[in-house]
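Data from start_25.pdb: PDB, C-alpha atoms and all ligand atoms
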ATOM      1  CA  MET A   1      -3.638 -17.346   4.974  1.00  0.00           C
ATOM      2  CA  THR A   2      -3.761 -16.300   8.583  1.00  0.00           C
ATOM      3  CA  ILE A   3      -5.585 -13.560  10.393  1.00  0.00           C
ATOM      4  CA  ARG A   4      -2.950 -11.659  12.349  1.00  0.00           C
ATOM      5  CA  PRO A   5      -3.655  -9.819  15.610  1.00  0.00           C
ATOM      6  CA  ILE A   6      -3.963  -6.047  15.262  1.00  0.00           C
ATOM      7  CA  ILE A   7      -1.885  -4.194  17.834  1.00  0.00           C
ATOM      8  CA  GLY A   8      -3.178  -1.324  19.959  1.00  0.00           C
ATOM      9  CA  PRO A   9      -2.071   2.309  20.298  1.00  0.00           C
ATOM     10  CA  ASN A  10       0.262   1.672  23.227  1.00  0.00           C
ATOM     11  CA  ASN A  11       2.430  -0.769  21.303  1.00  0.00           C
ATOM     12  CA  PRO A  12       5.695   1.053  20.415  1.00  0.00           C
ATOM     13  CA  ILE A  13       5.790  -0.565  16.950  1.00  0.00           C
ATOM     14  CA  LEU A  14       2.979   1.804  15.945  1.00  0.00           C
ATOM     15  CA  ARG A  15       5.246   4.754  16.807  1.00  0.00           C
ATOM     16  CA  LYS A  16       8.270   3.671  14.787  1.00  0.00           C
ATOM     17  CA  ARG A  17       9.163   4.788  11.296  1.00  0.00           C
ATOM     18  CA  ALA A  18       8.721   1.639   9.188  1.00  0.00           C
ATOM     19  CA  ILE A  19      11.517   0.507   6.883  1.00  0.00           C
ATOM     20  CA  ARG A  20      11.350   0.262   3.094  1.00  0.00           C
ATOM     21  CA  VAL A  21      10.480  -3.084   1.561  1.00  0.00           C
ATOM     22  CA  THR A  22      13.318  -4.398  -0.590  1.00  0.00           C
ATOM     23  CA  SER A  23      12.458  -8.065  -0.875  1.00  0.00           C
ATOM     24  CA  PHE A  24       9.346  -9.353  -2.600  1.00  0.00           C
ATOM     25  CA  ASP A  25       9.980 -12.953  -1.636  1.00  0.00           C
ATOM     26  CA  LYS A  26       7.615 -15.689  -0.506  1.00  0.00           C
ATOM     27  CA  LYS A  27       7.637 -14.473   3.080  1.00  0.00           C
ATOM     28  CA  PHE A  28       6.566 -11.018   1.936  1.00  0.00           C
ATOM     29  CA  GLN A  29       3.764 -12.482  -0.230  1.00  0.00           C
ATOM     30  CA  THR A  30       2.495 -14.349   2.836  1.00  0.00           C
ATOM     31  CA  LEU A  31       2.480 -11.071   4.777  1.00  0.00           C
ATOM     32  CA  VAL A  32       0.403  -9.412   2.006  1.00  0.00           C
ATOM     33  CA  ASP A  33      -2.061 -12.321   1.934  1.00  0.00           C
ATOM     34  CA  ASP A  34      -2.349 -12.306   5.716  1.00  0.00           C
ATOM     35  CA  MET A  35      -2.951  -8.560   5.795  1.00  0.00           C
ATOM     36  CA  VAL A  36      -5.698  -8.851   3.172  1.00  0.00           C
ATOM     37  CA  GLU A  37      -7.375 -11.548   5.198  1.00  0.00           C
ATOM     38  CA  THR A  38      -6.974  -9.564   8.419  1.00  0.00           C
ATOM     39  CA  LEU A  39      -8.476  -6.447   6.815  1.00  0.00           C
ATOM     40  CA  LEU A  40     -11.471  -8.292   5.380  1.00  0.00           C
ATOM     41  CA  ASP A  41     -12.055 -10.063   8.673  1.00  0.00           C
ATOM     42  CA  ALA A  42     -11.869  -6.911  10.821  1.00  0.00           C
ATOM     43  CA  PRO A  43     -13.632  -5.602   8.685  1.00  0.00           C
ATOM     44  CA  GLY A  44     -11.869  -2.396   7.745  1.00  0.00           C
ATOM     45  CA  VAL A  45     -11.044  -0.190   4.784  1.00  0.00           C
ATOM     46  CA  GLY A  46      -7.328   0.157   5.327  1.00  0.00           C
ATOM     47  CA  LEU A  47      -4.474  -1.577   7.100  1.00  0.00           C
ATOM     48  CA  ALA A  48      -0.783  -0.740   7.420  1.00  0.00           C
ATOM     49  CA  ALA A  49       1.851  -3.390   8.163  1.00  0.00           C
ATOM     50  CA  PRO A  50       2.849  -1.842  11.536  1.00  0.00           C
ATOM     51  CA  GLN A  51      -0.707  -2.542  12.716  1.00  0.00           C
ATOM     52  CA  VAL A  52       0.083  -6.260  12.506  1.00  0.00           C
ATOM     53  CA  ALA A  53       3.425  -5.621  14.236  1.00  0.00           C
ATOM     54  CA  VAL A  54       5.524  -5.633  11.048  1.00  0.00           C
ATOM     55  CA  SER A  55       7.515  -2.414  10.740  1.00  0.00           C
ATOM     56  CA  GLN A  56       7.661  -2.321   6.937  1.00  0.00           C
ATOM     57  CA  ARG A  57       6.324   0.154   4.388  1.00  0.00           C
ATOM     58  CA  LEU A  58       3.261  -1.708   3.146  1.00  0.00           C
ATOM     59  CA  ILE A  59      -0.383  -0.636   3.164  1.00  0.00           C
ATOM     60  CA  ILE A  60      -3.630  -2.128   1.967  1.00  0.00           C
ATOM     61  CA  VAL A  61      -6.647  -0.011   1.105  1.00  0.00           C
ATOM     62  CA  ARG A  62     -10.051  -1.340   0.189  1.00  0.00           C
ATOM     63  CA  LEU A  63     -12.872   0.452  -1.565  1.00  0.00           C
ATOM     64  CA  MET A  64     -16.269  -0.648  -0.375  1.00  0.00           C
ATOM     65  CA  ASP A  65     -18.567  -2.228  -2.901  1.00  0.00           C
ATOM     66  CA  ASP A  66     -21.744  -0.452  -1.841  1.00  0.00           C
ATOM     67  CA  ASP A  67     -24.026   1.985  -3.709  1.00  0.00           C
ATOM     68  CA  GLU A  68     -22.296   5.097  -2.380  1.00  0.00           C
ATOM     69  CA  SER A  69     -18.885   3.791  -3.347  1.00  0.00           C
ATOM     70  CA  ARG A  70     -20.074   2.788  -6.819  1.00  0.00           C
ATOM     71  CA  GLU A  71     -21.455   6.267  -7.319  1.00  0.00           C
ATOM     72  CA  GLN A  72     -18.195   7.927  -6.277  1.00  0.00           C
ATOM     73  CA  PHE A  73     -15.634   5.511  -7.717  1.00  0.00           C
ATOM     74  CA  GLY A  74     -17.487   3.766 -10.550  1.00  0.00           C
ATOM     75  CA  GLU A  75     -15.876   0.535 -11.607  1.00  0.00           C
ATOM     76  CA  ASP A  76     -13.128   0.923  -8.991  1.00  0.00           C
ATOM     77  CA  ALA A  77     -15.677   0.105  -6.241  1.00  0.00           C
ATOM     78  CA  GLY A  78     -14.715  -3.076  -4.444  1.00  0.00           C
ATOM     79  CA  LYS A  79     -11.083  -2.717  -5.509  1.00  0.00           C
ATOM     80  CA  LEU A  80      -8.201  -3.586  -3.219  1.00  0.00           C
ATOM     81  CA  TYR A  81      -4.985  -1.570  -3.404  1.00  0.00           C
ATOM     82  CA  VAL A  82      -1.753  -3.103  -2.161  1.00  0.00           C
ATOM     83  CA  VAL A  83       0.869  -0.363  -2.047  1.00  0.00           C
ATOM     84  CA  VAL A  84       4.485  -1.052  -1.150  1.00  0.00           C
ATOM     85  CA  ASN A  85       6.790   1.857  -0.261  1.00  0.00           C
ATOM     86  CA  PRO A  86       4.033   4.405  -0.862  1.00  0.00           C
ATOM     87  CA  GLU A  87       4.892   8.065  -1.189  1.00  0.00           C
ATOM     88  CA  ILE A  88       2.708  11.103  -1.577  1.00  0.00           C
ATOM     89  CA  ILE A  89       4.287  13.068  -4.412  1.00  0.00           C
ATOM     90  CA  LYS A  90       1.608  15.691  -4.935  1.00  0.00           C
ATOM     91  CA  THR A  91      -1.265  17.131  -2.937  1.00  0.00           C
ATOM     92  CA  SER A  92      -4.126  19.502  -3.591  1.00  0.00           C
ATOM     93  CA  LYS A  93      -4.079  22.850  -1.849  1.00  0.00           C
ATOM     94  CA  GLU A  94      -7.515  22.105  -0.570  1.00  0.00           C
ATOM     95  CA  ARG A  95      -7.946  20.199   2.667  1.00  0.00           C
ATOM     96  CA  VAL A  96     -11.199  18.710   3.858  1.00  0.00           C
ATOM     97  CA  GLU A  97     -12.456  17.655   7.238  1.00  0.00           C
ATOM     98  CA  GLY A  98     -13.786  14.130   7.674  1.00  0.00           C
ATOM     99  CA  VAL A  99     -14.396  11.454  10.266  1.00  0.00           C
ATOM    100  CA  GLU A 100     -11.921   8.584  10.669  1.00  0.00           C
ATOM    101  CA  GLY A 101     -11.531   5.519  12.787  1.00  0.00           C
ATOM    102  CA  CYS A 102      -8.579   3.173  13.178  1.00  0.00           C
ATOM    103  CA  LEU A 103      -8.470  -0.598  13.651  1.00  0.00           C
ATOM    104  CA  SER A 104      -5.724  -0.064  16.239  1.00  0.00           C
ATOM    105  CA  ILE A 105      -7.960   2.257  18.254  1.00  0.00           C
ATOM    106  CA  PRO A 106     -11.272   0.411  18.436  1.00  0.00           C
ATOM    107  CA  GLY A 107     -14.295   2.197  19.810  1.00  0.00           C
ATOM    108  CA  TYR A 108     -13.250   5.741  18.842  1.00  0.00           C
ATOM    109  CA  VAL A 109     -13.492   8.057  15.834  1.00  0.00           C
ATOM    110  CA  GLY A 110     -12.365  11.612  15.226  1.00  0.00           C
ATOM    111  CA  THR A 111     -12.392  14.505  12.791  1.00  0.00           C
ATOM    112  CA  VAL A 112      -9.231  14.983  10.766  1.00  0.00           C
ATOM    113  CA  ASP A 113      -8.227  17.440   8.035  1.00  0.00           C
ATOM    114  CA  ARG A 114      -6.757  15.724   4.982  1.00  0.00           C
ATOM    115  CA  TYR A 115      -5.782  16.783   1.478  1.00  0.00           C
ATOM    116  CA  GLU A 116      -8.751  16.462  -0.859  1.00  0.00           C
ATOM    117  CA  THR A 117      -6.573  14.952  -3.599  1.00  0.00           C
ATOM    118  CA  VAL A 118      -3.205  13.201  -3.516  1.00  0.00           C
ATOM    119  CA  VAL A 119      -1.000  11.552  -6.084  1.00  0.00           C
ATOM    120  CA  ILE A 120       0.873   8.597  -4.695  1.00  0.00           C
ATOM    121  CA  THR A 121       3.626   6.439  -6.081  1.00  0.00           C
ATOM    122  CA  GLY A 122       4.549   2.984  -4.905  1.00  0.00           C
ATOM    123  CA  GLN A 123       5.041  -0.594  -5.972  1.00  0.00           C
ATOM    124  CA  ASP A 124       2.609  -3.450  -6.270  1.00  0.00           C
ATOM    125  CA  ARG A 125       3.134  -6.671  -4.300  1.00  0.00           C
ATOM    126  CA  TYR A 126       5.585  -7.932  -6.915  1.00  0.00           C
ATOM    127  CA  GLY A 127       7.673  -4.766  -6.999  1.00  0.00           C
ATOM    128  CA  LYS A 128       6.242  -3.133 -10.115  1.00  0.00           C
ATOM    129  CA  SER A 129       6.084   0.665  -9.796  1.00  0.00           C
ATOM    130  CA  PHE A 130       2.875   2.582 -10.294  1.00  0.00           C
ATOM    131  CA  ARG A 131       1.263   5.932  -9.682  1.00  0.00           C
ATOM    132  CA  LYS A 132      -2.280   6.590  -8.514  1.00  0.00           C
ATOM    133  CA  LYS A 133      -4.305   9.748  -8.169  1.00  0.00           C
ATOM    134  CA  ALA A 134      -6.935   9.599  -5.442  1.00  0.00           C
ATOM    135  CA  SER A 135      -9.582  12.027  -4.276  1.00  0.00           C
ATOM    136  CA  GLY A 136     -12.114  12.262  -1.512  1.00  0.00           C
ATOM    137  CA  TRP A 137     -12.537   9.324   0.734  1.00  0.00           C
ATOM    138  CA  LEU A 138      -9.886   7.206  -1.026  1.00  0.00           C
ATOM    139  CA  ALA A 139      -7.320  10.002  -0.664  1.00  0.00           C
ATOM    140  CA  ARG A 140      -8.172  10.185   3.039  1.00  0.00           C
ATOM    141  CA  VAL A 141      -7.557   6.477   3.602  1.00  0.00           C
ATOM    142  CA  PHE A 142      -4.232   6.595   1.751  1.00  0.00           C
ATOM    143  CA  GLN A 143      -3.083   9.501   3.935  1.00  0.00           C
ATOM    144  CA  HIS A 144      -4.193   7.720   7.112  1.00  0.00           C
ATOM    145  CA  GLU A 145      -2.329   4.525   6.156  1.00  0.00           C
ATOM    146  CA  ILE A 146       0.848   6.293   5.032  1.00  0.00           C
ATOM    147  CA  ASP A 147       0.858   8.150   8.367  1.00  0.00           C
ATOM    148  CA  HIS A 148       1.008   4.729  10.075  1.00  0.00           C
ATOM    149  CA  LEU A 149       4.300   4.067   8.270  1.00  0.00           C
ATOM    150  CA  ASP A 150       5.749   7.178   9.873  1.00  0.00           C
ATOM    151  CA  GLY A 151       4.545   6.320  13.359  1.00  0.00           C
ATOM    152  CA  ARG A 152       1.671   8.796  13.250  1.00  0.00           C
ATOM    153  CA  LEU A 153      -1.881   8.052  14.398  1.00  0.00           C
ATOM    154  CA  TYR A 154      -4.982  10.034  13.511  1.00  0.00           C
ATOM    155  CA  ILE A 155      -5.519  10.880  17.181  1.00  0.00           C
ATOM    156  CA  ASP A 156      -2.298  12.937  17.007  1.00  0.00           C
ATOM    157  CA  ILE A 157      -3.794  15.307  14.462  1.00  0.00           C
ATOM    158  CA  ALA A 158      -7.536  15.004  15.066  1.00  0.00           C
ATOM    159  CA  LYS A 159      -9.480  18.118  15.990  1.00  0.00           C
ATOM    160  CA  GLU A 160     -11.801  16.051  18.115  1.00  0.00           C
ATOM    161  CA  VAL A 161     -11.982  12.372  19.130  1.00  0.00           C
ATOM    162  CA  TRP A 162     -15.016  10.704  20.625  1.00  0.00           C
ATOM    163  CA  GLU A 163     -16.276   7.282  21.590  1.00  0.00           C
ATOM    164  CA  VAL A 164     -18.431   5.643  18.939  1.00  0.00           C
ATOM    165  CA  THR A 165     -22.107   5.055  19.391  1.00  0.00           C
ATOM    166  CA  GLU A 166     -24.330   2.736  17.402  1.00  0.00           C
ATOM    167  CA  GLU A 167     -25.165   5.501  14.918  1.00  0.00           C
ATOM    168  CA  ASP A 168     -21.545   5.937  13.861  1.00  0.00           C
ATOM    169  CA  GLU A 169     -20.816   4.011  10.725  1.00  0.00           C
ATOM    170  CA  THR A 170     -17.274   5.158  10.087  1.00  0.00           C
ATOM    171  CA  PRO A 171     -15.266   2.268   8.693  1.00  0.00           C
ATOM    172  CA  ALA A 172     -12.006   1.694  10.495  1.00  0.00           C
ATOM    173  CA  GLU A 173      -8.524   2.024   9.046  1.00  0.00           C
TER     174      GLU A 173
HETATM  175 CO    CO A 201      -5.314   3.272  11.333  1.00  0.00          CO
END
Please express the file's structure as structure tokens.
Amino acid sequence: MTIRPIIGPNNPILRKRAIRVTSFDKKFQTLVDDMVETLLDAPGVGLAAPQVAVSQRLIIVRLMDDDESREQFGEDAGKLYVVVNPEIIKTSKERVEGVEGCLSIPGYVGTVDRYETVVITGQDRYGKSFRKKASGWLARVFQHEIDHLDGRLYIDIAKEVWEVTEEDETPAE
């Protein structure tokens, strides 16, 4: 496995609409493994393929394995979600404001409104379809990562963006 460089906000790949994944071959499996390693190394809670300069519809989301996460997500804490060709098929009416960072925009965070709950569909790394309902923080990360696949960054929709200080503990996506 290889840690791949994460590209910055001025790279045009981050602004492209990524293409659907149709091949789950060895090369694709290497990409998934590399993205997992890159995310854990960063460290971050979410990574989309365009962030490692691959314009394909693939995201990885990681639930922290800390006390707060265990309280909110129970046995799902520490889980890693690999979602290929993700789609949001249902959203709550309710939207909530929260603070987000992005691995492609180091040193900054911002407040963004997101749906409180989403239902997503997608495929696992081998092409098997699944559906997942997510709420709260997990729903936020899924929305942030899926935005990456459509060339959208959180700074486009943030109400406010500011430079991080040492007190900010927002994990980056
Ligand atoms: Co991001």
Return as a tab-separated table (two decimals) with C-alpha atoms, in the frame of the given file the residues of protein, DNA or RNA that approach ligand CO 201 (chain A) to within 9 Å, with all atoms listed in the file taken into account.
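Produced file result17.tsv, reproduced below:
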chain	number	residue	atom	x	y	z
A	46	GLY	CA	-7.33	0.16	5.33
A	47	LEU	CA	-4.47	-1.58	7.10
A	48	ALA	CA	-0.78	-0.74	7.42
A	51	GLN	CA	-0.71	-2.54	12.72
A	100	GLU	CA	-11.92	8.58	10.67
A	101	GLY	CA	-11.53	5.52	12.79
A	102	CYS	CA	-8.58	3.17	13.18
A	103	LEU	CA	-8.47	-0.60	13.65
A	104	SER	CA	-5.72	-0.06	16.24
A	105	ILE	CA	-7.96	2.26	18.25
A	141	VAL	CA	-7.56	6.48	3.60
A	144	HIS	CA	-4.19	7.72	7.11
A	145	GLU	CA	-2.33	4.53	6.16
A	147	ASP	CA	0.86	8.15	8.37
A	148	HIS	CA	1.01	4.73	10.07
A	153	LEU	CA	-1.88	8.05	14.40
A	154	TYR	CA	-4.98	10.03	13.51
A	172	ALA	CA	-12.01	1.69	10.50
A	173	GLU	CA	-8.52	2.02	9.05
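Interatomic distance, CA of Thr165 in chain A to CA of Val45 in chain A: 19.1 Å.
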Determine, using all atoms listed in the file, which residues of range 38-60 of chain A have any atom at most 6 Å from an atom of range 67-90 of chain A, and tabulate each with its shortest atom pair and distance in Å to one decimal place, rows ordered by chain and then rising number, as JSON lines.
{"residue": "A:Arg57", "atom": "CA", "partner": "A:Asn85", "partner_atom": "CA", "distance": 5.0}
{"residue": "A:Leu58", "atom": "CA", "partner": "A:Val84", "partner_atom": "CA", "distance": 4.5}
{"residue": "A:Ile59", "atom": "CA", "partner": "A:Val83", "partner_atom": "CA", "distance": 5.4}
{"residue": "A:Ile60", "atom": "CA", "partner": "A:Val82", "partner_atom": "CA", "distance": 4.6}
Return as a ChimeraX atom specification the set of residues that the PyMOL selection byres (((chain A and resi 9-25) around 7) and not hetatm) yields on the displayed structure. /A:7-8,26-29,50-51,53,55-57,84-85,104-105,125-127,148-152
Take the residues just selected and output them with C-alpha atoms as a short mmCIF file (atom, residue, chain, number, x, y, z; two decimals), keeping the file's coordinate frame.
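Result written to result35.cif:
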data_model
loop_
_atom_site.label_atom_id
_atom_site.label_comp_id
_atom_site.auth_asym_id
_atom_site.auth_seq_id
_atom_site.Cartn_x
_atom_site.Cartn_y
_atom_site.Cartn_z
CA ILE A 7 -1.88 -4.19 17.83
CA GLY A 8 -3.18 -1.32 19.96
CA LYS A 26 7.62 -15.69 -0.51
CA LYS A 27 7.64 -14.47 3.08
CA PHE A 28 6.57 -11.02 1.94
CA GLN A 29 3.76 -12.48 -0.23
CA PRO A 50 2.85 -1.84 11.54
CA GLN A 51 -0.71 -2.54 12.72
CA ALA A 53 3.42 -5.62 14.24
CA SER A 55 7.52 -2.41 10.74
CA GLN A 56 7.66 -2.32 6.94
CA ARG A 57 6.32 0.15 4.39
CA VAL A 84 4.49 -1.05 -1.15
CA ASN A 85 6.79 1.86 -0.26
CA SER A 104 -5.72 -0.06 16.24
CA ILE A 105 -7.96 2.26 18.25
CA ARG A 125 3.13 -6.67 -4.30
CA TYR A 126 5.58 -7.93 -6.92
CA GLY A 127 7.67 -4.77 -7.00
CA HIS A 148 1.01 4.73 10.07
CA LEU A 149 4.30 4.07 8.27
CA ASP A 150 5.75 7.18 9.87
CA GLY A 151 4.54 6.32 13.36
CA ARG A 152 1.67 8.80 13.25
#
For Val119 in chain A: contacts at 9 Å, all atoms listed in the file, fewer than 2 positions along chain excluded, given as a PyMOL selection string: chain A and resi 87-92+117+121+131-135+139
Will you give me range 4-25 of chain A, written with N, CA and C atoms and laid out as an mmCIF file, in the first residue's frame?
data_model
loop_
_atom_site.group_PDB
_atom_site.id
_atom_site.type_symbol
_atom_site.label_atom_id
_atom_site.label_comp_id
_atom_site.auth_asym_id
_atom_site.auth_seq_id
_atom_site.Cartn_x
_atom_site.Cartn_y
_atom_site.Cartn_z
ATOM 1 N N ARG A 4 -0.804 8.197 -0.901
ATOM 2 C CA ARG A 4 -0.820 9.066 -2.083
ATOM 3 C C ARG A 4 -0.911 10.534 -1.661
ATOM 4 N N PRO A 5 -0.303 11.431 -2.437
ATOM 5 C CA PRO A 5 -0.403 12.853 -2.101
ATOM 6 C C PRO A 5 -1.840 13.368 -2.243
ATOM 7 N N ILE A 6 -2.247 14.186 -1.309
ATOM 8 C CA ILE A 6 -3.581 14.797 -1.352
ATOM 9 C C ILE A 6 -3.462 16.150 -2.039
ATOM 10 N N ILE A 7 -4.297 16.352 -3.059
ATOM 11 C CA ILE A 7 -4.185 17.580 -3.853
ATOM 12 C C ILE A 7 -4.926 18.741 -3.177
ATOM 13 N N GLY A 8 -4.525 19.938 -3.512
ATOM 14 C CA GLY A 8 -5.077 21.148 -2.905
ATOM 15 C C GLY A 8 -6.217 21.749 -3.713
ATOM 16 N N PRO A 9 -6.861 22.774 -3.150
ATOM 17 C CA PRO A 9 -8.101 23.329 -3.709
ATOM 18 C C PRO A 9 -7.950 23.971 -5.084
ATOM 19 N N ASN A 10 -6.709 24.285 -5.484
ATOM 20 C CA ASN A 10 -6.550 24.921 -6.789
ATOM 21 C C ASN A 10 -6.335 23.929 -7.925
ATOM 22 N N ASN A 11 -6.252 22.638 -7.553
ATOM 23 C CA ASN A 11 -6.099 21.617 -8.588
ATOM 24 C C ASN A 11 -7.454 21.383 -9.279
ATOM 25 N N PRO A 12 -7.508 21.517 -10.604
ATOM 26 C CA PRO A 12 -8.806 21.416 -11.308
ATOM 27 C C PRO A 12 -9.494 20.053 -11.166
ATOM 28 N N ILE A 13 -8.750 19.020 -10.808
ATOM 29 C CA ILE A 13 -9.373 17.694 -10.630
ATOM 30 C C ILE A 13 -10.445 17.754 -9.534
ATOM 31 N N LEU A 14 -10.219 18.590 -8.535
ATOM 32 C CA LEU A 14 -11.188 18.718 -7.439
ATOM 33 C C LEU A 14 -12.486 19.388 -7.884
ATOM 34 N N ARG A 15 -12.466 20.008 -9.063
ATOM 35 C CA ARG A 15 -13.644 20.732 -9.560
ATOM 36 C C ARG A 15 -14.409 19.986 -10.640
ATOM 37 N N LYS A 16 -13.898 18.782 -10.972
ATOM 38 C CA LYS A 16 -14.543 17.992 -12.025
ATOM 39 C C LYS A 16 -15.605 17.079 -11.438
ATOM 40 N N ARG A 17 -16.596 16.726 -12.261
ATOM 41 C CA ARG A 17 -17.530 15.692 -11.843
ATOM 42 C C ARG A 17 -16.850 14.347 -12.091
ATOM 43 N N ALA A 18 -16.700 13.548 -11.037
ATOM 44 C CA ALA A 18 -16.001 12.264 -11.158
ATOM 45 C C ALA A 18 -16.873 11.239 -11.884
ATOM 46 N N ILE A 19 -16.212 10.298 -12.551
ATOM 47 C CA ILE A 19 -16.962 9.304 -13.333
ATOM 48 C C ILE A 19 -17.271 8.058 -12.498
ATOM 49 N N ARG A 20 -18.337 7.374 -12.892
ATOM 50 C CA ARG A 20 -18.757 6.157 -12.185
ATOM 51 C C ARG A 20 -17.698 5.073 -12.308
ATOM 52 N N VAL A 21 -17.575 4.286 -11.253
ATOM 53 C CA VAL A 21 -16.662 3.146 -11.263
ATOM 54 C C VAL A 21 -17.401 1.963 -11.898
ATOM 55 N N THR A 22 -16.767 1.348 -12.891
ATOM 56 C CA THR A 22 -17.403 0.198 -13.536
ATOM 57 C C THR A 22 -16.533 -1.042 -13.440
ATOM 58 N N SER A 23 -15.277 -0.856 -13.069
ATOM 59 C CA SER A 23 -14.379 -1.999 -12.987
ATOM 60 C C SER A 23 -13.846 -2.146 -11.566
ATOM 61 N N PHE A 24 -13.996 -3.342 -11.032
ATOM 62 C CA PHE A 24 -13.543 -3.608 -9.666
ATOM 63 C C PHE A 24 -12.307 -4.503 -9.701
ATOM 64 N N ASP A 25 -11.427 -4.179 -10.636
ATOM 65 C CA ASP A 25 -10.249 -5.013 -10.875
ATOM 66 C C ASP A 25 -9.142 -4.752 -9.850
#
